[in-house]
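To start, the structure under review is shown below, and the notes come after it.
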Amino acid sequence: MQEYDFIIVGAGSAGCALAGRLSEDPSLRVLLLEAGPSDRSPWIHLPIGYGKTMWDKTYNWCFETDPDPNMNGRRIYWPRGKTLGGSSSINGLIYIRGQREDYDHWRALGNTGWGYNEILPYFIRSERNQRGAIPLHGGDGPLCVSDVGAEHELIEAFIAGAGQNGVPRTSDFNGAQQEGAGYYQLTTWKGWRCSSAKAYLKPALGRANLTVHTQAQATGVVMEGRRAIGVRYLHNGVAREARCRGEVLLAAGAIQSPQLLQLSGIGPADLLNQHGIKVVHHSPNVGENLQDHLQLRLIFECTKPITTNDQLRSWYGQMKLGLQWLLFRSGPLAVGINQGGCFMRALPESPTPDIQFHVATLSADMAGGKVHPFSGFTFSVCQLRPESRGQIRIRSTDPLQPPSMQPNYLATELDRRTALAGMQAARAIAAAPAMQPYVKREVKPGPLVQSEDDLMEFARNNGATIFHPSGTCAMGPREDDVLDARLRVRGVSGLRVVDCSAMPTLVSGNTNAPAIMMAEKAVDMIREDLALR
């Protein structure tokens with residue numbers, strides 16, 4: 001049986017960063033386990049391939065939630081990455097860090113070392129921004145970040161329409177303040193996706209001290225008393241076990257990290273007893289505190305044939321898109337789906353932006369779906385800091401059975417008020433003078449949906465995840481918090497969780513960059529702890 005210093009479970013945004021950084025020390029032996037295959041598909045690396053991998057069970061877990069009573073009993077489709085790079089290989093590529101106040105709030109909750117000034121150096125260290133090493137940005141990190149490039153007529157109209165509703169234009173959502181409307185920066189480089197695997201893992205694959213197993217699904221943490229000493233996993237269907245001298249690092253994400261803890265006897269005692277699992281440590285909040293960004297998508301028909309729908313509808317348009325990418329590494333194939341957006345305050349009492357827009361120059365019935373036969377564009381709006389809390393709980397002792405996922409969307413008055421205000425803000429921007437020349441009609445929710453009750457019913461019947469589940473192994477200072485501020489699992493030793501499940505509260509924006517930042521910081525904490533041994 002092979003023995004390692006560190007075993008990392010999950011080769012996603014955080015897991016690849018952990019493997020790349022820890023294996024920089026040749027004295028450490030590192031094993032990285034990934035349940036999915038290698039990231040060989042060209043659709044992973046082509047930014048617009050997001051539309052293909054969104055439904056591909058080879059590279060995507062294709063989870064579904066439990067029926068959510070707040071969403072009229074609907075099951076919500078939850079795509080999650082299942083390949084090297086994890087969700088960073090199938091996501092919408094948007095590079096957002098969140099607000100200063102998000103991280104200062106983490107620190108105020110008792111998580112020492114997680115204030116904005118303390119985590120900013122890790123964002124900078126991870127980043128290779130096309131704009132270079134400018135204030136608040138990094139120029140030589142592994143994660144490539146690029147501008148969209150060419151302006152688009154529709155995005156320009158949106159930015160102007162937002163300005164006519166009091167939202168200023170911005171050139172950097174990750175600058176001194178987040179509020180504003182503009183173009184997103186993307187985790188791309190010269191027309192290619194830059195996943196965490198490409199950024200951190202690919203440069204490390206030649207190292208003799210790093211072992212990577214794909215098609216290797218972890219089934220549980222091996223415990224010796226209250227110490228983690230290894231991982232059980234299925235490698236190409238064959239049961240195996242790996243041991244470690246140092247630590248097991250769970251980076252399986254907000255769904256599967258709590259599932260693995262529960263399967264390993266760390267979780268709510270009543271749940272574990274219900275399934276006949278020996279309780280190693282009663283940790284009542286494993287799987288609790290689930291948060292996600294609920295997206296509400298307003299679809300419009302455009303007056304002009306300038307949308308990606310139009311380009312994809314004909315062979316000529318598709319050929320033109322292909323040539324644009326082949327010759328110049330530009331155009332829709334190089335930038336994915338959402339080119340622009342804004343962060344704004346929908347509720348008058350909000351001190352900082354409370355909603356985010358993703359603006360796509362295409363339209364479809366669902367994210368990644370077949371585009372409509374008309375010229376269309378989409379305003380997707382989400383609440384940034386939901387109050388609603390859900391849970392992740394195992395259904396059985398079978399590690400191959402997905403856990404119960406209950407997001408509990410729109411469970412609080414604040415969340416419902418913000419959803420309504422977000423849809424009203426989207427309509428206000430669409431009605432602005434700058435946008436009116438482009439709006440032929442509102443397709444969804446449509447002109448018949450006007451009252452607050454009807455808008456809320458639209459939200460319940462059409463709302464979907466924007467792919468940011470978090471918080472299910474939250475760090476905090478209390479004994480019943482799952483992790484301490486160094487991301488160590490309370491009640492046991494040799495075990496940490498390093499992914500979005502460790503977030504005590506959801507950040508105000510997309511979660512890929514924050515997950516990588518957390519891994520960068522975790523590596524420094526691990527190195528500090530090694531030095532003390």
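By order in the structure tokens, chains are A, B, ...; within a chain, residues start at 1; ligands start at 1, following the order shown.
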Sorted by chain and rising residue number, list the residues of region 283-343 of chain A at most 6 Å from region 41-50 of chain A (counting only C-alpha atoms), each with its closest atom pair and distance in Å to one decimal, as JSON lines.
{"residue": "A:Leu333", "atom": "CA", "partner": "A:Ile48", "partner_atom": "CA", "distance": 4.9}
{"residue": "A:Ala334", "atom": "CA", "partner": "A:Pro47", "partner_atom": "CA", "distance": 5.4}
{"residue": "A:Val335", "atom": "CA", "partner": "A:Pro47", "partner_atom": "CA", "distance": 5.7}
{"residue": "A:Gly336", "atom": "CA", "partner": "A:Ile48", "partner_atom": "CA", "distance": 4.0}
Residues of the last selection are to be written out with N, CA, C and O atoms, as a short mmCIF file (atom, residue, chain, number, x, y, z; two decimals), in the first residue's frame.
data_model
loop_
_atom_site.label_atom_id
_atom_site.label_comp_id
_atom_site.auth_asym_id
_atom_site.auth_seq_id
_atom_site.Cartn_x
_atom_site.Cartn_y
_atom_site.Cartn_z
N LEU A 333 -16.90 32.18 -29.44
CA LEU A 333 -16.25 30.91 -29.06
C LEU A 333 -15.18 31.13 -28.01
O LEU A 333 -14.86 30.21 -27.24
N ALA A 334 -14.61 32.33 -27.97
CA ALA A 334 -13.50 32.61 -27.06
C ALA A 334 -13.94 33.19 -25.72
O ALA A 334 -13.14 33.26 -24.79
N VAL A 335 -15.21 33.61 -25.63
CA VAL A 335 -15.63 34.28 -24.39
C VAL A 335 -16.79 33.59 -23.70
O VAL A 335 -17.24 34.05 -22.65
N GLY A 336 -17.28 32.49 -24.26
CA GLY A 336 -18.35 31.78 -23.58
C GLY A 336 -19.69 32.45 -23.71
O GLY A 336 -20.03 33.00 -24.77
#
Practice task
List every residue of region 76-230 of chain A that DSSP, applied to the backbone, labels as alpha helix (DSSP H), and write the result as a count of residues only.
Solution key: 32
Fill in the blank from the handout: For Phe377 (chain A), the closest of A:Gly509, A:Gly422, A:Gly161, A:Pro305 counting only C-alpha atoms is A:Pro305
Handout entry: DSSP strand (DSSP E or B) residues within region 470-515 of chain A, as a count of residues only
Key = 9
Practice task
Go through A:Leu263, A:Leu294, A:Ala157, A:Ala35 and flag the residue nearest Asn236 (chain A), using only C-alpha atoms for the distances.
Solution key: A:Ala35
Region 443-522 of chain A near region 295-302 of chain A within 9 Å: what's each residue's closest atom pair and its distance in Å to one decimal, counting only C-alpha atoms, ordered by chain then ascending residue number, as JSON lines?
{"residue": "A:Val443", "atom": "CA", "partner": "A:Phe300", "partner_atom": "CA", "distance": 5.2}
{"residue": "A:Lys444", "atom": "CA", "partner": "A:Ile299", "partner_atom": "CA", "distance": 5.0}
{"residue": "A:Pro445", "atom": "CA", "partner": "A:Leu298", "partner_atom": "CA", "distance": 6.3}
{"residue": "A:Gly446", "atom": "CA", "partner": "A:Ile299", "partner_atom": "CA", "distance": 8.6}
{"residue": "A:Phe458", "atom": "CA", "partner": "A:Leu296", "partner_atom": "CA", "distance": 8.8}
{"residue": "A:Ala459", "atom": "CA", "partner": "A:Leu296", "partner_atom": "CA", "distance": 6.4}
{"residue": "A:Asn462", "atom": "CA", "partner": "A:Leu296", "partner_atom": "CA", "distance": 7.0}
{"residue": "A:Gly463", "atom": "CA", "partner": "A:Leu296", "partner_atom": "CA", "distance": 5.0}
{"residue": "A:Ala464", "atom": "CA", "partner": "A:Gln295", "partner_atom": "CA", "distance": 5.3}
{"residue": "A:Thr465", "atom": "CA", "partner": "A:Gln295", "partner_atom": "CA", "distance": 5.7}
{"residue": "A:Ile466", "atom": "CA", "partner": "A:Gln295", "partner_atom": "CA", "distance": 5.5}
If you take only C-alpha atoms and a cut-off of 8 Å, which residues of region 83-187 of chain A touch region 7-23 of chain A, and what are their nearest atom pairs and distances in Å to one decimal, in chain and number order, as CSV?
residue,atom,partner,partner_atom,distance
A:Thr83,CA,A:Ala11,CA,7.2
A:Leu84,CA,A:Ala11,CA,5.3
A:Gly85,CA,A:Gly12,CA,4.3
A:Gly86,CA,A:Gly12,CA,3.7
A:Ser87,CA,A:Gly12,CA,6.1
A:Ser88,CA,A:Ser13,CA,5.6
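Across A:Gln99, A:Ser350, A:Thr170, A:Gln185, the tightest approach to Gln130 (chain A) is made by A:Gln185 when counting only C-alpha atoms.
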Problem - A:Gly132, A:Gly276, A:Pro433, A:Pro504 ranked by distance to Pro477 (chain A), top pick (using only C-alpha atoms) - result: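 Residue with the minimum atom-to-atom distance to Pro477 (chain A): A:Pro504.
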Practice task
Kindly indicate which residue among A:Ile76, A:Leu31, A:Ala133, A:Ala162 lies nearest to Ala431 (chain A), using only C-alpha atoms for the distances.
Solution key: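 Closest to Ala431 (chain A) of all the choices is A:Ala162.
Here CA of Pro403 (chain A) is placed at a distance of 8.0 Å from CA of Gln256 (chain A).
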Considering only C-alpha atoms, give me a table of residues in region 362-451 of chain A that are at most 12 Å from region 57-64 of chain A, with the closest atom pair and distance in Å for each, as a Markdown table.
| residue | atom | partner | partner_atom | distance |
| --- | --- | --- | --- | --- |
| A:Leu400 | CA | A:Trp61 | CA | 11.2 |
| A:Gln401 | CA | A:Phe63 | CA | 10.6 |
| A:Pro402 | CA | A:Phe63 | CA | 7.6 |
| A:Pro403 | CA | A:Phe63 | CA | 9.4 |
| A:Ser404 | CA | A:Glu64 | CA | 9.0 |
| A:Met405 | CA | A:Glu64 | CA | 7.6 |
| A:Gln406 | CA | A:Glu64 | CA | 9.6 |
| A:Pro407 | CA | A:Glu64 | CA | 10.5 |
Residue contacts of Glu127 (chain A) (10 Å, only C-alpha atoms) excluding same-chain residues fewer than 2 positions away, as an mmCIF file with N, CA, C and O atoms, in the first residue's frame:
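Result file is part.cif:
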data_model
loop_
_atom_site.group_PDB
_atom_site.id
_atom_site.type_symbol
_atom_site.label_atom_id
_atom_site.label_comp_id
_atom_site.auth_asym_id
_atom_site.auth_seq_id
_atom_site.Cartn_x
_atom_site.Cartn_y
_atom_site.Cartn_z
ATOM 1 N N TYR A 122 -3.542 36.490 -1.489
ATOM 2 C CA TYR A 122 -3.707 35.173 -2.120
ATOM 3 C C TYR A 122 -4.424 35.281 -3.454
ATOM 4 O O TYR A 122 -4.128 34.520 -4.389
ATOM 5 N N PHE A 123 -5.374 36.194 -3.563
ATOM 6 C CA PHE A 123 -5.949 36.465 -4.880
ATOM 7 C C PHE A 123 -4.867 36.955 -5.840
ATOM 8 O O PHE A 123 -4.783 36.517 -6.987
ATOM 9 N N ILE A 124 -4.051 37.879 -5.355
ATOM 10 C CA ILE A 124 -2.999 38.452 -6.211
ATOM 11 C C ILE A 124 -1.971 37.387 -6.592
ATOM 12 O O ILE A 124 -1.538 37.308 -7.752
ATOM 13 N N ARG A 125 -1.597 36.541 -5.635
ATOM 14 C CA ARG A 125 -0.597 35.502 -5.902
ATOM 15 C C ARG A 125 -1.089 34.504 -6.947
ATOM 16 O O ARG A 125 -0.292 33.975 -7.743
ATOM 17 N N ASN A 129 -3.053 38.387 -14.639
ATOM 18 C CA ASN A 129 -4.027 39.219 -15.324
ATOM 19 C C ASN A 129 -3.453 39.767 -16.618
ATOM 20 O O ASN A 129 -2.289 40.193 -16.668
ATOM 21 N N GLN A 130 -4.258 39.761 -17.650
ATOM 22 C CA GLN A 130 -3.845 40.304 -18.937
ATOM 23 C C GLN A 130 -3.371 41.746 -18.814
ATOM 24 O O GLN A 130 -2.495 42.190 -19.573
ATOM 25 N N GLY A 132 -1.655 42.949 -16.463
ATOM 26 C CA GLY A 132 -0.378 43.010 -15.781
ATOM 27 C C GLY A 132 -0.525 43.195 -14.286
ATOM 28 O O GLY A 132 -1.627 43.171 -13.734
ATOM 29 N N ALA A 133 0.606 43.344 -13.616
ATOM 30 C CA ALA A 133 0.631 43.528 -12.159
ATOM 31 C C ALA A 133 0.309 44.980 -11.845
ATOM 32 O O ALA A 133 1.186 45.829 -11.758
ATOM 33 N N HIS A 137 -4.081 43.569 -8.362
ATOM 34 C CA HIS A 137 -4.067 42.434 -9.287
ATOM 35 C C HIS A 137 -2.662 41.866 -9.430
ATOM 36 O O HIS A 137 -1.661 42.565 -9.254
ATOM 37 N N GLY A 138 -2.617 40.580 -9.788
ATOM 38 C CA GLY A 138 -1.350 39.913 -10.006
ATOM 39 C C GLY A 138 -1.042 39.748 -11.475
ATOM 40 O O GLY A 138 -1.954 39.600 -12.297
ATOM 41 N N GLY A 139 0.246 39.724 -11.808
ATOM 42 C CA GLY A 139 0.649 39.608 -13.201
ATOM 43 C C GLY A 139 1.397 38.343 -13.539
ATOM 44 O O GLY A 139 1.640 38.073 -14.728
ATOM 45 N N ASP A 140 1.784 37.539 -12.535
ATOM 46 C CA ASP A 140 2.598 36.357 -12.851
ATOM 47 C C ASP A 140 2.145 35.102 -12.107
ATOM 48 O O ASP A 140 2.911 34.162 -11.962
ATOM 49 N N GLY A 141 0.897 35.074 -11.650
ATOM 50 C CA GLY A 141 0.375 33.866 -11.022
ATOM 51 C C GLY A 141 -0.015 32.823 -12.054
ATOM 52 O O GLY A 141 0.048 33.046 -13.259
ATOM 53 N N PRO A 142 -0.473 31.655 -11.604
ATOM 54 C CA PRO A 142 -0.808 30.578 -12.550
ATOM 55 C C PRO A 142 -2.168 30.732 -13.222
ATOM 56 O O PRO A 142 -2.371 30.227 -14.329
ATOM 57 N N LEU A 143 -3.126 31.432 -12.583
ATOM 58 C CA LEU A 143 -4.480 31.508 -13.103
ATOM 59 C C LEU A 143 -4.614 32.676 -14.072
ATOM 60 O O LEU A 143 -4.566 33.838 -13.681
ATOM 61 N N CYS A 144 -4.802 32.363 -15.346
ATOM 62 C CA CYS A 144 -4.879 33.404 -16.370
ATOM 63 C C CYS A 144 -6.243 34.081 -16.361
ATOM 64 O O CYS A 144 -7.279 33.413 -16.315
ATOM 65 N N VAL A 145 -6.218 35.409 -16.432
ATOM 66 C CA VAL A 145 -7.439 36.219 -16.412
ATOM 67 C C VAL A 145 -7.349 37.229 -17.551
ATOM 68 O O VAL A 145 -6.364 37.961 -17.654
ATOM 69 N N THR A 187 -11.585 33.720 -16.937
ATOM 70 C CA THR A 187 -10.426 32.838 -16.761
ATOM 71 C C THR A 187 -10.127 32.162 -18.099
ATOM 72 O O THR A 187 -10.334 30.964 -18.295
ATOM 73 N N ALA A 199 -4.064 25.676 -14.909
ATOM 74 C CA ALA A 199 -3.232 26.659 -14.226
ATOM 75 C C ALA A 199 -2.248 26.015 -13.258
ATOM 76 O O ALA A 199 -1.063 26.371 -13.237
ATOM 77 N N ALA A 513 -12.876 31.867 -8.281
ATOM 78 C CA ALA A 513 -11.684 32.574 -7.790
ATOM 79 C C ALA A 513 -11.560 32.492 -6.266
ATOM 80 O O ALA A 513 -10.456 32.261 -5.746
ATOM 81 N N ILE A 516 -10.123 29.084 -5.242
ATOM 82 C CA ILE A 516 -8.682 29.011 -5.494
ATOM 83 C C ILE A 516 -7.921 29.816 -4.450
ATOM 84 O O ILE A 516 -6.875 29.379 -3.953
ATOM 85 N N MET A 517 -8.442 30.991 -4.098
ATOM 86 C CA MET A 517 -7.812 31.790 -3.042
ATOM 87 C C MET A 517 -7.737 30.988 -1.739
ATOM 88 O O MET A 517 -6.712 30.995 -1.040
#
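Using only C-alpha atoms for every distance, the candidate list A:Gly36, A:Gly225, A:Pro135, A:Gly331 yields A:Gly331 as the residue closest to Lys190 (chain A).
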